[in-house]
Each structure stands twice: as C-alpha cells, then as structure tokens.
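Below is one structure, written out as structure tokens; the observations come after it.
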Amino acid sequence: MRNALSGMERAMFWTLAFAAFAAVAAGLAARAVDRLAANYEMERGSYAIVRVVAPEGPEGVAAAEAALAQAPHVASAAPMTAGRAAAILRQWGGAEISAENMPPLHLIEIELEPSAAPALDPGGDIVAALAQGGVTADVIEAPDAASGGGVARRVRLAALWGASAFALVMAIIVLLASRGLAARRRELVTVMTDLGATRGQAVGRVADEAAMLGLYAGLAGASFAGGAGLGLMLLVIPGATLQNVAAMLAPLDFAPVIAAPIAAAIAAGAGARGAASYFHGQAARLG
Amino acid sequence: MKRQPSPELELLERGVLIRMTGVDSGYGAATVLVGVEFEARAGEVALVTGPAAAGKTTLMHVLRLALPPRSGRTVILGFDVARASPRARAGVKRRIGYVAENPVFVEQWSAFHNIAMPLRMSGKRARDYVDDVRELVDFVGLGDAADLPMEKLSGAERRRAAIARALAGKPDLILADDPTANMSPADGRRIVRLLAEMRRVGAGVVIASQDESLAECGPILRWHIDQGRVSQVDHPAPEEAEAYE
C-alpha cells in the first residue's frame, strides 16, 4: 500500500484513516458507556429492600426472611447488618459512621430474579407472600422513570446519538477529503471525457479509486481503534486477560469496527463521485 | 420490414463525416461562430486557416462535441449533434481523435500509458495493444521519450504524444487544433504529413491552424475562417492531389 500511494494520496489515506479511527473510538466508547449503563440498570432493577413493620424486633426479620425464601421473584434475601448499613451511609454521605451507633434495623436486602419484569409488580407479589407468612412489610424498589429513575436509559440514548453524530461528522470529513482526490484526478476525468468516456465511466473510475482508498483507510483506522480499545480494556479491567476479555465481548461490540471501513468507502466514493461528476460536466460541455 | 437509415446515416454512408449547416455557437453571451457551413469527408484532409481569435478553436470544440451548437444543423459521424443522447455523443467522441492546442494528459503517467488510454478505455488488455502503441510511438517519432512521465516531455514531444493518442483508437475522424504551434517549420510539416497520412486508411482529417503554408503538405482542402464565418477557399485539382500520392 505504501508503494501504491504517493504524496497527496498518502496524506489523504491518513486523513481518512484518522477519521475512521476517531469514529470507531467514539463508537467503542459509546458502546462501553451503553454496556455500563445497561449493567447498572439491570442491577438497579433487580435490587429491592424489604422494611419489616410487624412483628417488631428480630423475630419479625426472621419471619420475613423465612417468608421471602418461598416468595416469588426473589433470588436471594439477606438482612441488612449494621456494618453494611454503615458502609452504605459512608459511601453516599461521606462522613465516618460507626456500626455501633446504628439503630436496630428491620431491613432485608433482596435480589430479584432477572425475569421479574416491573410490569409483573414483583413488589406486590412479595408483600402478599410476606403477609401469608404473617409479616407486614413494605417493599422498596428502585425508582421508576417517573420517580427520578431511568438515568441509564438517557445515558444510553445520549451515547448512541452522540457517537452517531460524531460518526456523521467524520463521514462528512471523509466525503470532503475525497473531493480532494477527485480534484487530483481532474486531468484524468478531462482526458477520459475528451476520449469519449460517458459520465458513468469517467466518474466511476475516480469514485472506485476513492472508495478503495476509503476502504483501506477505514480498515487501518478501525484496526488501530480496535487494538487501542482492547489494550485499554486489558489495562483498566482488573485481572483481564485476552481470553476473558474476548469472552466479555458481544457481537454488537464489533459493530463500529466493521461499519467504519464500509462507511469510509461509501463516503469517500460519494465525495469523489460528486466532484468528478462536476469535472466531467465541465469537460464535456464548454460554453 | 427493413428499416430505412436516417438521413444522418445516409450522409455517413456517402462518406460525409461532418456537415454543418447554418451553425451558430459560442460561450455565454458571446457568439463566436456565425452561420457556419462546413463539410468534411472520409479520406480527405481539410485545413481551416484564419487569424487569431477567428473561431478556429471554437469550431474544433463544436466538432469534438464539447460545445453545443446554438442553431443550425450539425451532423457528425452520422449523428445529429443536437438530438443525440449523451451516450450517443460519447460513442461519437470515441470515434474522433482529437489533438488539442494544449493537450491534457495524466501527467504522472508515462507517455506510453497516455497514448494507450483510448485502447484501455475500449476494454483492450495491455498484451493486445502494446505492439500497436509501440508502432504509433515510432510513427510519431517519440522514441524513448514514450517511457518518460508526461511532465518530463518537451512541448514538441507532448504534441507528438497527443497525435499518437488521437490515432490510437483508429478514429474515423481526426481533429487537430493548431498542431504545429511552437514547432519549427520542418517539424510542423512533418506533423501535418503524419496526420494527412491517416486519410489513406479512410479517416477524415480536419486541421485548424494560422499557418496557410501547411496546405502545401499534401492534397488538402482549404477553408478559411474569419470572425466566426467559414468559407471554402479552393480544392486541389485531381492531378494535383495525385502528385502527392
């Protein structure tokens, strides 16, 4: 490739490759944000706290724990210890809180089964199951969108649209840059037109060349970005190895890497086609 | 039932490669050619002479289908230019060999590759045309310069390359716009003789130049253009034409 490109074309190649790299990097970052937000939302949605109202005292908590073992939608249940409560308060409040100073807690942390969709009202089913076990309790679930929840969904949408907008800007850069290649081929278009090439032949020749350049540049940019992303994962994720990182990846994670060369080829071809078409028009019809 | 050929094709079958009747043409608001009456036939060489800015290059642009006529009728190689589709116009262009006053080449390519371009465009493979192109290179006297990039060639060599390229596609009609510009008289005459040779293979040749003495290079039909009006000067007598054979 290096020998096939010279001067202007080489500069063009690296411009397109950089645009592809930036677009893929943005896409991968968006995908990472998307996965984090999705995981957060899943964990948030599967967490709830049962506050035991009656019977009071440790007996109430024990009865509730026994009832929860039979309750639907509940994957696991564990009474919240004073130490755990102090740790949570420390995490969100910032101040040092001692477990000895915590009042008696009548709280049980529960993890819902993944199949427990909000529409099924798992909280109501659990309260009913507790009532059958002689326990009066509230189930406090994560707030829904109307109650201030749903940030993850907004984050995921912002990541998707942000990355899409950035990729669009990069595609426009590729499109405009490839017009430079067409300008470089202006004399070829003129000669072909003078020799009787149709618009399709003259323009197609330049557009095909630009598309191939875009494809190779896109492959180069996407490979660099993919490699950088992999390297970052190995650095950031504790204990990550190539094997377990590979296992973490979903097919969708490869979408930006696969889409970038194709999009770069299309954008470069379209940009060169537009410019070459203009040059053909100028060469074909004087006056 | 057999279809009747169009009047334009009938003209071509009679050997008339170009017929312009009352043609006006120009650029923007400027009208350069006025009521042009012109004809060129297969196997003939036409020399259009006239002073600078008389309309020679504009006439060539009309003949090579780069400039549309505004009025009148222009029939080239059996097609009425005003009515031909873009595809048909491109097809006609492929049958015309054009030597521009300032020929455009792909400068990074060698002269050889530039000369071979019409053949490549027609889908021929290198092994099928390499000998033909070498022959053309020798014919125009380009020699070893054919292997140099165009940007390294002198003005005269570029013109020879332009002629070779124009002849490469074995065109039915050859147009040469001031092909002897910036050449020594001897070189200029040689170039015109080269072009005139193509009449032997049945092609029509139209040369535009300020140099009226080029008419002495062979049996050439003379036309004069001044202020956009074309007139026929004279035709060589048959015995005069034979003298050049």
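Every chain in the structure tokens takes a letter, A first, then B, and so on in the order presented; its residues are numbered from 1, and the ligands are numbered from 1 following the presented order.
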What are the closest atom pairs, with distances in Å to one decimal, for each residue of chain A lying within 7 Å of chain B, using only C-alpha atoms, rows by chain and rising residue number, as CSV?
residue,atom,partner,partner_atom,distance
A:Glu187,CA,B:Val106,CA,5.8
A:Leu188,CA,B:Val106,CA,5.6
A:Val191,CA,B:Val104,CA,6.3
A:Leu195,CA,B:Arg94,CA,5.6
A:Gly196,CA,B:Arg94,CA,4.5
A:Ala197,CA,B:Ala90,CA,6.0
A:Thr198,CA,B:Ala90,CA,5.6
A:Ala284,CA,B:Ala66,CA,5.3
A:Arg285,CA,B:Ala66,CA,4.9
A:Leu286,CA,B:Leu67,CA,5.0
A:Gly287,CA,B:Tyr27,CA,4.0
Kindly export the residues of the current selection with N, CA and C atoms, as a compact mmCIF listing (two decimals), in the first residue's frame.
# COMPACT_ATOMS: atom_id res chain seq x y z
N GLU A 187 -7.51 15.86 -14.26
CA GLU A 187 -6.98 15.72 -15.61
C GLU A 187 -7.34 14.37 -16.21
N LEU A 188 -7.41 13.35 -15.35
CA LEU A 188 -7.83 12.03 -15.83
C LEU A 188 -9.27 12.07 -16.32
N VAL A 191 -9.34 13.97 -19.61
CA VAL A 191 -8.83 13.15 -20.71
C VAL A 191 -9.86 12.08 -21.10
N LEU A 195 -11.87 11.66 -24.60
CA LEU A 195 -11.73 10.44 -25.39
C LEU A 195 -13.06 9.69 -25.54
N GLY A 196 -14.13 10.28 -24.98
CA GLY A 196 -15.44 9.69 -25.21
C GLY A 196 -15.97 8.84 -24.09
N ALA A 197 -15.43 9.01 -22.90
CA ALA A 197 -15.98 8.26 -21.77
C ALA A 197 -17.32 8.88 -21.38
N THR A 198 -18.28 8.04 -21.04
CA THR A 198 -19.54 8.57 -20.53
C THR A 198 -19.32 9.08 -19.11
N ALA A 284 -17.09 18.06 -20.50
CA ALA A 284 -17.94 17.58 -21.59
C ALA A 284 -18.65 18.71 -22.31
N ARG A 285 -19.00 19.75 -21.58
CA ARG A 285 -19.79 20.82 -22.18
C ARG A 285 -19.14 22.17 -21.91
N LEU A 286 -18.51 22.71 -22.91
CA LEU A 286 -17.98 24.07 -22.79
C LEU A 286 -19.11 25.05 -23.07
N GLY A 287 -18.83 26.31 -22.81
CA GLY A 287 -19.84 27.33 -23.13
C GLY A 287 -20.93 27.34 -22.11
Got a sec: who's within 7 Å of Gln108 (chain B), counting only C-alpha atoms, leaving out chain neighbours fewer than 2 positions off, as a ChimeraX atom specification?
-> /B:106,110,149-151
Within 6 Å of region 104-111 of chain A, counting only C-alpha atoms, which residues qualify if same-chain residues fewer than 2 places away don't, as a PyMOL selection string?
-> chain A and resi 46-52+75-80
Do a neighbour search on Phe79 (chain B) at 6 Å with only C-alpha atoms, toss out local chain neighbours closer than 3 positions, and write the hits as a ChimeraX atom specification.
-> /B:8,75-76
Atoms to include: all heavy atoms. Write the selected residues as a PDB file, in the first residue's frame.
ATOM      1  N   GLU B   8     -29.066  11.169 -41.501  1.00  0.00           N
ATOM      2  CA  GLU B   8     -27.709  11.370 -40.994  1.00  0.00           C
ATOM      3  C   GLU B   8     -26.819  10.167 -41.338  1.00  0.00           C
ATOM      4  O   GLU B   8     -25.671  10.328 -41.744  1.00  0.00           O
ATOM      5  CB  GLU B   8     -27.724  11.561 -39.468  1.00  0.00           C
ATOM      6  CG  GLU B   8     -28.366  12.845 -38.991  1.00  0.00           C
ATOM      7  CD  GLU B   8     -29.873  12.766 -38.895  1.00  0.00           C
ATOM      8  OE1 GLU B   8     -30.413  11.638 -38.987  1.00  0.00           O
ATOM      9  OE2 GLU B   8     -30.516  13.820 -38.757  1.00  0.00           O
ATOM     10  N   VAL B  75     -24.176  17.576 -38.233  1.00  0.00           N
ATOM     11  CA  VAL B  75     -24.193  16.110 -38.301  1.00  0.00           C
ATOM     12  C   VAL B  75     -22.744  15.641 -38.304  1.00  0.00           C
ATOM     13  O   VAL B  75     -21.949  16.041 -39.158  1.00  0.00           O
ATOM     14  CB  VAL B  75     -24.922  15.615 -39.563  1.00  0.00           C
ATOM     15  CG1 VAL B  75     -24.889  14.090 -39.623  1.00  0.00           C
ATOM     16  CG2 VAL B  75     -26.359  16.113 -39.582  1.00  0.00           C
ATOM     17  N   ILE B  76     -22.414  14.838 -37.305  1.00  0.00           N
ATOM     18  CA  ILE B  76     -21.046  14.315 -37.192  1.00  0.00           C
ATOM     19  C   ILE B  76     -21.107  12.804 -37.078  1.00  0.00           C
ATOM     20  O   ILE B  76     -21.804  12.265 -36.202  1.00  0.00           O
ATOM     21  CB  ILE B  76     -20.327  14.938 -35.972  1.00  0.00           C
ATOM     22  CG1 ILE B  76     -20.234  16.456 -36.143  1.00  0.00           C
ATOM     23  CG2 ILE B  76     -18.935  14.335 -35.801  1.00  0.00           C
ATOM     24  CD1 ILE B  76     -19.656  17.188 -34.971  1.00  0.00           C
TER      25      ILE B  76
END
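Summary of the local environment: counting only C-alpha atoms, residues at most 12 Å from Leu249 (chain A), other than itself and those fewer than 3 positions away along its chain, are Leu28, Arg31, Ala32, Arg35, Gly229, Leu230, Met233, Leu242, Gln243, Asn244, Val245, Ala246, Leu252, Asp253, Phe254 and Ala255 of chain A.
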Would you list, as a ChimeraX atom specification, the residues of region 8-175 of chain A that end up in helix (DSSP H, G or I) under DSSP run on this structure's backbone?
-> /A:8-45,57-70,82-93,99-101,118-120,122-132,145-147,151-175
Go ahead and write the residues just picked, C-alpha atoms, as a compact mmCIF listing (two decimals), in the first residue's frame.
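Dumped everything to selection.txt:
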# COMPACT_ATOMS: atom_id res chain seq x y z
CA MET A 8 -1.21 13.70 -1.81
CA GLU A 9 -2.76 10.24 -1.82
CA ARG A 10 -0.74 9.19 1.21
CA ALA A 11 -1.79 12.31 3.10
CA MET A 12 -5.37 11.61 2.06
CA PHE A 13 -5.09 8.00 3.19
CA TRP A 14 -4.01 9.01 6.68
CA THR A 15 -6.67 11.70 6.89
CA LEU A 16 -9.33 9.13 6.10
CA ALA A 17 -7.71 6.61 8.44
CA PHE A 18 -7.70 9.15 11.27
CA ALA A 19 -11.36 9.97 10.66
CA ALA A 20 -12.19 6.26 10.73
CA PHE A 21 -10.10 5.82 13.88
CA ALA A 22 -11.92 8.69 15.62
CA ALA A 23 -15.33 7.42 14.56
CA VAL A 24 -14.58 3.88 15.72
CA ALA A 25 -13.10 5.13 19.00
CA ALA A 26 -16.24 7.18 19.63
CA GLY A 27 -18.38 4.18 18.71
CA LEU A 28 -16.49 1.87 21.04
CA ALA A 29 -16.62 4.43 23.85
CA ALA A 30 -20.36 4.79 23.32
CA ARG A 31 -20.73 1.03 23.38
CA ALA A 32 -18.75 0.86 26.64
CA VAL A 33 -20.99 3.52 28.16
CA ASP A 34 -24.01 1.64 26.87
CA ARG A 35 -22.86 -1.59 28.47
CA LEU A 36 -22.07 0.09 31.79
CA ALA A 37 -25.45 1.83 31.81
CA ALA A 38 -27.25 -1.40 30.89
CA ASN A 39 -25.47 -3.28 33.68
CA TYR A 40 -26.23 -0.51 36.14
CA GLU A 41 -29.88 -0.51 35.12
CA MET A 42 -30.08 -4.29 35.45
CA GLU A 43 -28.51 -4.26 38.89
CA ARG A 44 -30.67 -1.34 39.98
CA GLY A 45 -33.81 -3.03 38.71
CA GLY A 57 -37.77 -6.99 66.59
CA PRO A 58 -35.52 -9.81 65.37
CA GLU A 59 -38.47 -12.22 65.28
CA GLY A 60 -40.12 -10.13 62.60
CA VAL A 61 -36.97 -10.10 60.50
CA ALA A 62 -36.54 -13.86 60.89
CA ALA A 63 -40.17 -14.49 59.93
CA ALA A 64 -39.81 -12.22 56.93
CA GLU A 65 -36.62 -13.97 55.86
CA ALA A 66 -38.42 -17.33 56.07
CA ALA A 67 -41.36 -16.00 54.07
CA LEU A 68 -39.06 -14.50 51.45
CA ALA A 69 -37.45 -17.89 50.89
CA GLN A 70 -40.83 -19.02 49.48
CA ALA A 82 -25.39 -2.61 60.97
CA GLY A 83 -21.97 -2.84 59.36
CA ARG A 84 -23.43 -2.99 55.85
CA ALA A 85 -25.77 -0.05 56.59
CA ALA A 86 -22.87 1.99 57.98
CA ALA A 87 -20.83 1.22 54.88
CA ILE A 88 -23.63 2.35 52.56
CA LEU A 89 -24.15 5.56 54.51
CA ARG A 90 -20.42 6.22 54.49
CA GLN A 91 -20.36 5.70 50.72
CA TRP A 92 -23.13 8.20 49.99
CA GLY A 93 -22.84 10.57 52.95
CA ALA A 99 -21.74 0.45 63.04
CA GLU A 100 -22.12 0.52 66.86
CA ASN A 101 -24.07 3.75 66.58
CA PRO A 118 -41.52 -4.35 36.51
CA ALA A 119 -44.81 -4.90 34.70
CA LEU A 120 -45.37 -8.05 36.77
CA PRO A 122 -42.91 -8.15 41.88
CA GLY A 123 -43.19 -5.84 44.91
CA GLY A 124 -46.92 -6.58 45.28
CA ASP A 125 -46.33 -10.33 44.95
CA ILE A 126 -43.62 -10.23 47.60
CA VAL A 127 -45.77 -8.20 50.04
CA ALA A 128 -48.56 -10.75 49.55
CA ALA A 129 -46.15 -13.64 50.18
CA LEU A 130 -44.89 -11.93 53.35
CA ALA A 131 -48.48 -11.37 54.54
CA GLN A 132 -49.17 -15.07 54.11
CA ALA A 145 -38.59 6.93 35.38
CA ALA A 146 -41.47 8.96 36.80
CA SER A 147 -39.80 9.00 40.23
CA VAL A 151 -30.95 7.89 34.04
CA ALA A 152 -29.30 4.86 32.48
CA ARG A 153 -31.72 4.91 29.54
CA ARG A 154 -30.98 8.57 28.94
CA VAL A 155 -27.25 7.91 29.18
CA ARG A 156 -27.52 5.05 26.68
CA LEU A 157 -29.50 7.21 24.26
CA ALA A 158 -27.04 10.08 24.64
CA ALA A 159 -24.13 7.72 23.95
CA LEU A 160 -25.85 6.30 20.88
CA TRP A 161 -26.80 9.66 19.38
CA GLY A 162 -23.53 11.29 20.37
CA ALA A 163 -21.49 8.57 18.70
CA SER A 164 -23.78 8.63 15.66
CA ALA A 165 -23.44 12.41 15.33
CA PHE A 166 -19.66 12.16 15.69
CA ALA A 167 -19.51 9.38 13.10
CA LEU A 168 -21.60 11.54 10.78
CA VAL A 169 -19.16 14.43 11.17
CA MET A 170 -16.27 12.06 10.43
CA ALA A 171 -18.13 10.77 7.37
CA ILE A 172 -18.54 14.36 6.17
CA ILE A 173 -14.80 14.91 6.68
CA VAL A 174 -14.09 11.76 4.63
CA LEU A 175 -16.54 12.92 1.97
Near Ala182 (chain A), within 6 Å and counting only C-alpha atoms, which residues show up once chain neighbours fewer than 6 positions away are dropped, as a tab-separated table (two decimals) with all heavy atoms, in the first residue's frame?
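Result file follows (result.tsv):
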chain	number	residue	atom	x	y	z
A	272	ALA	N	-15.99	11.68	-3.94
A	272	ALA	CA	-15.23	11.72	-5.20
A	272	ALA	C	-16.18	11.72	-6.39
A	272	ALA	O	-15.94	12.39	-7.40
A	272	ALA	CB	-14.29	10.52	-5.28
A	275	ALA	N	-17.56	15.28	-6.97
A	275	ALA	CA	-16.58	16.19	-7.56
A	275	ALA	C	-16.25	15.79	-8.99
A	275	ALA	O	-16.18	16.64	-9.89
A	275	ALA	CB	-15.32	16.21	-6.70
A	276	ALA	N	-16.07	14.48	-9.21
A	276	ALA	CA	-15.71	14.02	-10.55
A	276	ALA	C	-16.84	14.29	-11.54
A	276	ALA	O	-16.60	14.61	-12.70
A	276	ALA	CB	-15.37	12.53	-10.52
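Every protein, DNA or RNA residue with an atom at most 10 Å from Gly50 (chain B), where only C-alpha atoms count and chain neighbours fewer than 5 positions away do not, is listed here: Gly55, Lys56, Ala208, Ser209, Gln210, Asp211, Glu212, Trp223, His224, Ile225, Asp226, Gln227, Gly228 and Val230 of chain B.
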Write out as a PyMOL selection string all residues of region 6-225 of chain A that backbone DSSP assigns to strand (DSSP E).
-> chain A and resi 47-54+74-79+107-112+136-141
Go ahead and save the picked residues with C-alpha atoms, as an mmCIF file, in the first residue's frame.
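The resulting file, result-v1.cif, is shown below:
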data_model
loop_
_atom_site.group_PDB
_atom_site.id
_atom_site.type_symbol
_atom_site.label_atom_id
_atom_site.label_comp_id
_atom_site.auth_asym_id
_atom_site.auth_seq_id
_atom_site.Cartn_x
_atom_site.Cartn_y
_atom_site.Cartn_z
ATOM 1 C CA TYR A 47 -32.403 -4.743 43.863
ATOM 2 C CA ALA A 48 -35.057 -4.009 46.482
ATOM 3 C CA ILE A 49 -35.298 -3.562 50.249
ATOM 4 C CA VAL A 50 -37.950 -5.083 52.458
ATOM 5 C CA ARG A 51 -38.801 -2.969 55.502
ATOM 6 C CA VAL A 52 -40.422 -5.165 58.161
ATOM 7 C CA VAL A 53 -43.197 -3.325 60.001
ATOM 8 C CA ALA A 54 -44.617 -6.135 62.131
ATOM 9 C CA VAL A 74 -36.814 -13.386 44.931
ATOM 10 C CA ALA A 75 -33.398 -14.741 44.004
ATOM 11 C CA SER A 76 -31.771 -14.077 47.363
ATOM 12 C CA ALA A 77 -32.521 -12.267 50.607
ATOM 13 C CA ALA A 78 -30.230 -11.165 53.421
ATOM 14 C CA PRO A 79 -30.928 -8.966 56.475
ATOM 15 C CA LEU A 107 -34.413 -4.206 56.680
ATOM 16 C CA ILE A 108 -33.786 -7.117 54.324
ATOM 17 C CA GLU A 109 -31.925 -6.662 51.061
ATOM 18 C CA ILE A 110 -33.333 -8.785 48.287
ATOM 19 C CA GLU A 111 -32.155 -9.558 44.801
ATOM 20 C CA LEU A 112 -34.904 -10.140 42.279
ATOM 21 C CA THR A 136 -46.406 -6.912 57.461
ATOM 22 C CA ALA A 137 -43.743 -5.218 55.327
ATOM 23 C CA ASP A 138 -43.060 -2.719 52.583
ATOM 24 C CA VAL A 139 -41.002 -3.478 49.519
ATOM 25 C CA ILE A 140 -38.937 -0.507 48.363
ATOM 26 C CA GLU A 141 -37.854 -0.948 44.747
#
